[in-house]
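Below is model04.txt, holding compact mmCIF, N, CA and C atoms.
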# COMPACT_ATOMS: atom_id res chain seq x y z
N MET A 27 3.51 23.07 -18.27
CA MET A 27 4.80 22.81 -17.69
C MET A 27 4.61 21.95 -16.44
N ALA A 28 5.50 20.94 -16.27
CA ALA A 28 5.43 20.03 -15.13
C ALA A 28 5.76 20.76 -13.83
N LYS A 29 5.06 20.40 -12.76
CA LYS A 29 5.31 20.98 -11.45
C LYS A 29 6.62 20.40 -10.90
N LEU A 30 7.46 21.25 -10.30
CA LEU A 30 8.71 20.80 -9.71
C LEU A 30 8.48 20.44 -8.25
N HIS A 31 9.00 19.29 -7.84
CA HIS A 31 8.84 18.82 -6.47
C HIS A 31 10.17 18.84 -5.75
N LYS A 32 10.13 18.95 -4.44
CA LYS A 32 11.34 18.93 -3.63
C LYS A 32 11.99 17.55 -3.71
N THR A 33 13.32 17.52 -3.53
CA THR A 33 14.08 16.29 -3.60
C THR A 33 13.59 15.26 -2.59
N ASP A 34 13.26 15.70 -1.37
CA ASP A 34 12.80 14.74 -0.35
C ASP A 34 11.43 14.17 -0.70
N THR A 35 10.59 14.94 -1.36
CA THR A 35 9.29 14.45 -1.82
C THR A 35 9.48 13.38 -2.88
N ILE A 36 10.39 13.62 -3.79
CA ILE A 36 10.66 12.65 -4.85
C ILE A 36 11.28 11.39 -4.28
N ALA A 37 12.18 11.52 -3.32
CA ALA A 37 12.81 10.36 -2.69
C ALA A 37 11.77 9.51 -1.96
N ALA A 38 10.87 10.16 -1.25
CA ALA A 38 9.81 9.43 -0.54
C ALA A 38 8.89 8.72 -1.53
N ALA A 39 8.58 9.38 -2.62
CA ALA A 39 7.72 8.77 -3.65
C ALA A 39 8.42 7.57 -4.28
N ALA A 40 9.71 7.68 -4.52
CA ALA A 40 10.46 6.57 -5.10
C ALA A 40 10.44 5.36 -4.17
N LYS A 41 10.60 5.60 -2.87
CA LYS A 41 10.55 4.52 -1.90
C LYS A 41 9.17 3.85 -1.91
N THR A 42 8.14 4.65 -1.97
CA THR A 42 6.77 4.13 -2.01
C THR A 42 6.56 3.31 -3.28
N LEU A 43 7.03 3.81 -4.40
CA LEU A 43 6.87 3.09 -5.67
C LEU A 43 7.65 1.79 -5.67
N ARG A 44 8.82 1.75 -5.03
CA ARG A 44 9.58 0.49 -4.92
C ARG A 44 8.78 -0.53 -4.12
N THR A 45 8.12 -0.07 -3.08
CA THR A 45 7.29 -0.96 -2.28
C THR A 45 6.14 -1.51 -3.11
N LEU A 46 5.53 -0.67 -3.91
CA LEU A 46 4.41 -1.09 -4.75
C LEU A 46 4.84 -1.93 -5.96
N ALA A 47 6.12 -1.93 -6.27
CA ALA A 47 6.60 -2.59 -7.49
C ALA A 47 6.43 -4.10 -7.45
N HIS A 48 6.24 -4.69 -6.30
CA HIS A 48 6.04 -6.14 -6.20
C HIS A 48 4.59 -6.48 -6.56
N PRO A 49 4.39 -7.43 -7.46
CA PRO A 49 3.02 -7.75 -7.90
C PRO A 49 2.07 -8.12 -6.75
N THR A 50 2.55 -8.87 -5.77
CA THR A 50 1.68 -9.26 -4.66
C THR A 50 1.25 -8.05 -3.85
N ARG A 51 2.18 -7.14 -3.58
CA ARG A 51 1.82 -5.96 -2.80
C ARG A 51 0.86 -5.07 -3.58
N MET A 52 1.06 -4.98 -4.88
CA MET A 52 0.14 -4.20 -5.70
C MET A 52 -1.25 -4.85 -5.69
N LYS A 53 -1.27 -6.17 -5.74
CA LYS A 53 -2.55 -6.89 -5.70
C LYS A 53 -3.27 -6.65 -4.37
N ILE A 54 -2.53 -6.63 -3.27
CA ILE A 54 -3.12 -6.38 -1.96
C ILE A 54 -3.71 -4.98 -1.89
N VAL A 55 -2.94 -3.98 -2.33
CA VAL A 55 -3.42 -2.60 -2.29
C VAL A 55 -4.66 -2.44 -3.16
N GLU A 56 -4.65 -3.07 -4.32
CA GLU A 56 -5.82 -3.01 -5.20
C GLU A 56 -7.04 -3.66 -4.53
N PHE A 57 -6.84 -4.82 -3.90
CA PHE A 57 -7.91 -5.52 -3.20
C PHE A 57 -8.50 -4.66 -2.09
N LEU A 58 -7.63 -3.94 -1.39
CA LEU A 58 -8.09 -3.07 -0.30
C LEU A 58 -8.84 -1.85 -0.82
N GLY A 59 -8.77 -1.61 -2.10
CA GLY A 59 -9.55 -0.52 -2.70
C GLY A 59 -11.05 -0.75 -2.55
N GLY A 60 -11.43 -1.99 -2.34
CA GLY A 60 -12.83 -2.33 -2.13
C GLY A 60 -13.28 -2.14 -0.69
N GLY A 61 -12.36 -1.67 0.15
CA GLY A 61 -12.68 -1.44 1.56
C GLY A 61 -11.80 -2.26 2.48
N GLU A 62 -11.96 -2.01 3.75
CA GLU A 62 -11.17 -2.66 4.78
C GLU A 62 -11.38 -4.19 4.75
N LYS A 63 -10.27 -4.94 4.91
CA LYS A 63 -10.34 -6.41 4.89
C LYS A 63 -9.51 -6.96 6.04
N HIS A 64 -9.93 -8.12 6.55
CA HIS A 64 -9.14 -8.77 7.59
C HIS A 64 -8.06 -9.64 6.92
N VAL A 65 -7.06 -9.98 7.70
CA VAL A 65 -5.90 -10.69 7.16
C VAL A 65 -6.29 -11.98 6.44
N GLY A 66 -7.23 -12.72 7.00
CA GLY A 66 -7.66 -13.97 6.37
C GLY A 66 -8.21 -13.77 4.97
N ALA A 67 -8.97 -12.71 4.77
CA ALA A 67 -9.53 -12.42 3.45
C ALA A 67 -8.41 -12.04 2.48
N ILE A 68 -7.44 -11.29 2.97
CA ILE A 68 -6.30 -10.89 2.13
C ILE A 68 -5.49 -12.13 1.75
N GLN A 69 -5.26 -13.00 2.72
CA GLN A 69 -4.52 -14.24 2.46
C GLN A 69 -5.24 -15.09 1.42
N THR A 70 -6.54 -15.23 1.56
CA THR A 70 -7.32 -16.01 0.59
C THR A 70 -7.21 -15.39 -0.80
N HIS A 71 -7.29 -14.08 -0.86
CA HIS A 71 -7.22 -13.38 -2.14
C HIS A 71 -5.86 -13.56 -2.82
N THR A 72 -4.78 -13.50 -2.04
CA THR A 72 -3.44 -13.61 -2.62
C THR A 72 -3.02 -15.06 -2.86
N LYS A 73 -3.72 -16.00 -2.20
CA LYS A 73 -3.41 -17.43 -2.31
C LYS A 73 -1.99 -17.75 -1.82
N LEU A 74 -1.58 -17.00 -0.79
CA LEU A 74 -0.26 -17.20 -0.18
C LEU A 74 -0.45 -17.71 1.25
N ILE A 75 0.60 -18.31 1.80
CA ILE A 75 0.53 -18.73 3.19
C ILE A 75 0.51 -17.49 4.08
N GLN A 76 0.02 -17.67 5.29
CA GLN A 76 -0.17 -16.55 6.21
C GLN A 76 1.13 -15.78 6.46
N ALA A 77 2.24 -16.48 6.64
CA ALA A 77 3.51 -15.80 6.95
C ALA A 77 3.95 -14.88 5.81
N VAL A 78 3.80 -15.31 4.59
CA VAL A 78 4.19 -14.50 3.43
C VAL A 78 3.25 -13.31 3.28
N THR A 79 1.96 -13.55 3.46
CA THR A 79 1.00 -12.45 3.40
C THR A 79 1.32 -11.40 4.46
N SER A 80 1.64 -11.85 5.67
CA SER A 80 1.98 -10.93 6.75
C SER A 80 3.24 -10.12 6.44
N GLN A 81 4.22 -10.73 5.80
CA GLN A 81 5.45 -10.01 5.42
C GLN A 81 5.13 -8.89 4.44
N HIS A 82 4.30 -9.17 3.47
CA HIS A 82 3.91 -8.14 2.49
C HIS A 82 3.12 -7.03 3.17
N LEU A 83 2.19 -7.40 4.06
CA LEU A 83 1.40 -6.40 4.77
C LEU A 83 2.28 -5.53 5.66
N LYS A 84 3.28 -6.13 6.28
CA LYS A 84 4.19 -5.36 7.13
C LYS A 84 4.94 -4.31 6.32
N LEU A 85 5.44 -4.70 5.14
CA LEU A 85 6.14 -3.75 4.27
C LEU A 85 5.22 -2.62 3.83
N LEU A 86 4.00 -2.96 3.49
CA LEU A 86 3.03 -1.94 3.08
C LEU A 86 2.72 -1.00 4.24
N LEU A 87 2.62 -1.54 5.44
CA LEU A 87 2.33 -0.74 6.62
C LEU A 87 3.49 0.18 6.98
N VAL A 88 4.70 -0.38 7.02
CA VAL A 88 5.89 0.40 7.36
C VAL A 88 6.11 1.54 6.38
N ASN A 89 5.77 1.32 5.13
CA ASN A 89 5.97 2.34 4.10
C ASN A 89 4.74 3.22 3.90
N GLY A 90 3.75 3.09 4.78
CA GLY A 90 2.63 4.01 4.80
C GLY A 90 1.54 3.81 3.76
N LEU A 91 1.54 2.66 3.10
CA LEU A 91 0.54 2.45 2.05
C LEU A 91 -0.77 1.89 2.56
N VAL A 92 -0.73 1.28 3.74
CA VAL A 92 -1.95 0.74 4.33
C VAL A 92 -2.06 1.17 5.79
N ASN A 93 -3.27 1.11 6.30
CA ASN A 93 -3.56 1.35 7.71
C ASN A 93 -3.95 0.02 8.35
N LYS A 94 -3.72 -0.09 9.65
CA LYS A 94 -3.99 -1.33 10.38
C LYS A 94 -4.90 -1.01 11.56
N ARG A 95 -5.86 -1.93 11.80
CA ARG A 95 -6.77 -1.78 12.93
C ARG A 95 -7.03 -3.16 13.52
N ARG A 96 -6.95 -3.23 14.84
CA ARG A 96 -7.23 -4.49 15.52
C ARG A 96 -8.63 -4.43 16.14
N ASP A 97 -9.37 -5.53 15.96
CA ASP A 97 -10.68 -5.68 16.59
C ASP A 97 -10.74 -7.07 17.21
N LYS A 98 -10.54 -7.12 18.50
CA LYS A 98 -10.48 -8.37 19.26
C LYS A 98 -9.36 -9.24 18.68
N ASN A 99 -9.71 -10.38 18.08
CA ASN A 99 -8.69 -11.30 17.56
C ASN A 99 -8.36 -11.10 16.09
N ARG A 100 -8.98 -10.15 15.46
CA ARG A 100 -8.76 -9.93 14.02
C ARG A 100 -8.02 -8.62 13.78
N ILE A 101 -7.19 -8.66 12.75
CA ILE A 101 -6.49 -7.45 12.31
C ILE A 101 -7.04 -7.09 10.94
N TYR A 102 -7.39 -5.83 10.79
CA TYR A 102 -7.94 -5.34 9.54
C TYR A 102 -6.98 -4.34 8.90
N TYR A 103 -6.92 -4.37 7.58
CA TYR A 103 -6.10 -3.44 6.82
C TYR A 103 -6.97 -2.67 5.85
N SER A 104 -6.57 -1.44 5.58
CA SER A 104 -7.25 -0.60 4.59
C SER A 104 -6.20 0.23 3.86
N GLN A 105 -6.57 0.74 2.71
CA GLN A 105 -5.66 1.62 1.96
C GLN A 105 -5.44 2.91 2.73
N ASN A 106 -4.22 3.41 2.66
CA ASN A 106 -3.94 4.77 3.14
C ASN A 106 -4.14 5.67 1.93
N THR A 107 -5.36 6.13 1.75
CA THR A 107 -5.70 6.87 0.54
C THR A 107 -4.95 8.19 0.42
N LYS A 108 -4.59 8.78 1.55
CA LYS A 108 -3.84 10.04 1.51
C LYS A 108 -2.50 9.83 0.80
N VAL A 109 -1.79 8.79 1.16
CA VAL A 109 -0.49 8.50 0.53
C VAL A 109 -0.68 8.11 -0.92
N LEU A 110 -1.65 7.25 -1.20
CA LEU A 110 -1.86 6.79 -2.58
C LEU A 110 -2.28 7.94 -3.50
N LYS A 111 -3.10 8.85 -3.00
CA LYS A 111 -3.50 10.00 -3.81
C LYS A 111 -2.31 10.93 -4.05
N GLY A 112 -1.43 11.05 -3.06
CA GLY A 112 -0.24 11.87 -3.23
C GLY A 112 0.68 11.31 -4.31
N ILE A 113 0.84 9.99 -4.33
CA ILE A 113 1.66 9.34 -5.35
C ILE A 113 1.00 9.53 -6.73
N ASP A 114 -0.29 9.39 -6.77
CA ASP A 114 -1.02 9.58 -8.03
C ASP A 114 -0.81 11.00 -8.57
N ARG A 115 -0.89 12.00 -7.68
CA ARG A 115 -0.68 13.40 -8.11
C ARG A 115 0.75 13.60 -8.63
N LEU A 116 1.72 13.03 -7.91
CA LEU A 116 3.11 13.18 -8.32
C LEU A 116 3.34 12.57 -9.70
N ILE A 117 2.80 11.38 -9.91
CA ILE A 117 2.97 10.73 -11.21
C ILE A 117 2.31 11.55 -12.30
N ASN A 118 1.13 12.09 -12.02
CA ASN A 118 0.46 12.93 -13.01
C ASN A 118 1.25 14.20 -13.31
N ASP A 119 1.92 14.74 -12.28
CA ASP A 119 2.71 15.94 -12.47
C ASP A 119 3.93 15.71 -13.38
N ILE A 120 4.49 14.50 -13.31
CA ILE A 120 5.70 14.25 -14.11
C ILE A 120 5.40 13.68 -15.48
N SER A 121 4.14 13.33 -15.73
CA SER A 121 3.81 12.77 -17.05
C SER A 121 3.36 13.84 -18.02

Show this structure as structure tokens.
Amino acid sequence: MAKLHKTDTIAAAAKTLRTLAHPTRMKIVEFLGGGEKHVGAIQTHTKLIQAVTSQHLKLLLVNGLVNKRRDKNRIYYSQNTKVLKGIDRLINDIS
């Protein structure tokens, strides 16, 4: 039997999944699965201009899918594995 989740948990998961629904954002999160990357590496990987890459990263950050760290003049991003694992568990529970 499927595990029942609270309405607010499901709403939060839906918001997270909407954020991930964009192919570029999904590509970024997948790329970060290989470890922390600086913005330039992410931009090169996505083949997008810096401003567009930054917009996608901002959405991912605001919605809790990535973490951000500054080191001098560089900004690094990494997966927020806690959130991603939670979404994975929820999806497994409903399937």

**Report entry** Pairwise distance for atom CA of A:Gly59 and atom CA of A:Gln105, rounded to one decimal in Å
**Finding:** 6.4 Å

Query - For stretch 67-78 of chain A: contacts at 8 Å, only N, CA and C atoms, fewer than 5 positions along chain excluded, given as a ChimeraX atom specification - result: /A:50,53-54,57-58,83-84

Report summary line: Taken to one decimal, the atom CA of A:Val88-atom CA of A:Arg51 distance is 12.7 Å

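Using only C-alpha atoms, the shortest contact distance between A:Gly61 and any of A:Thr79, A:Val109, A:Leu91, A:Tyr102 is found at A:Tyr102.
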
Report summary line: In Å and to one decimal, atom C of A:Leu110 is distant from atom N of A:Gly66 by 23.7 Å

Requested in this report: Give me every strand (DSSP E) residue in chain A, going by DSSP on the backbone, as a PyMOL selection string.
Outcome: chain A and resi 63-64+92-97+100-105

Requested in this report: Determine which residues of chain A DSSP labels as alpha helix (DSSP H) from the backbone of this structure, then write them out as JSON, numbers by chain.
Outcome: {"A": [33, 34, 35, 36, 37, 38, 39, 40, 41, 42, 43, 44, 45, 46, 49, 50, 51, 52, 53, 54, 55, 56, 57, 58, 65, 66, 67, 68, 69, 70, 71, 72, 76, 77, 78, 79, 80, 81, 82, 83, 84, 85, 86, 87, 88, 107, 108, 109, 110, 111, 112, 113, 114, 115, 116, 117, 118, 119, 120]}
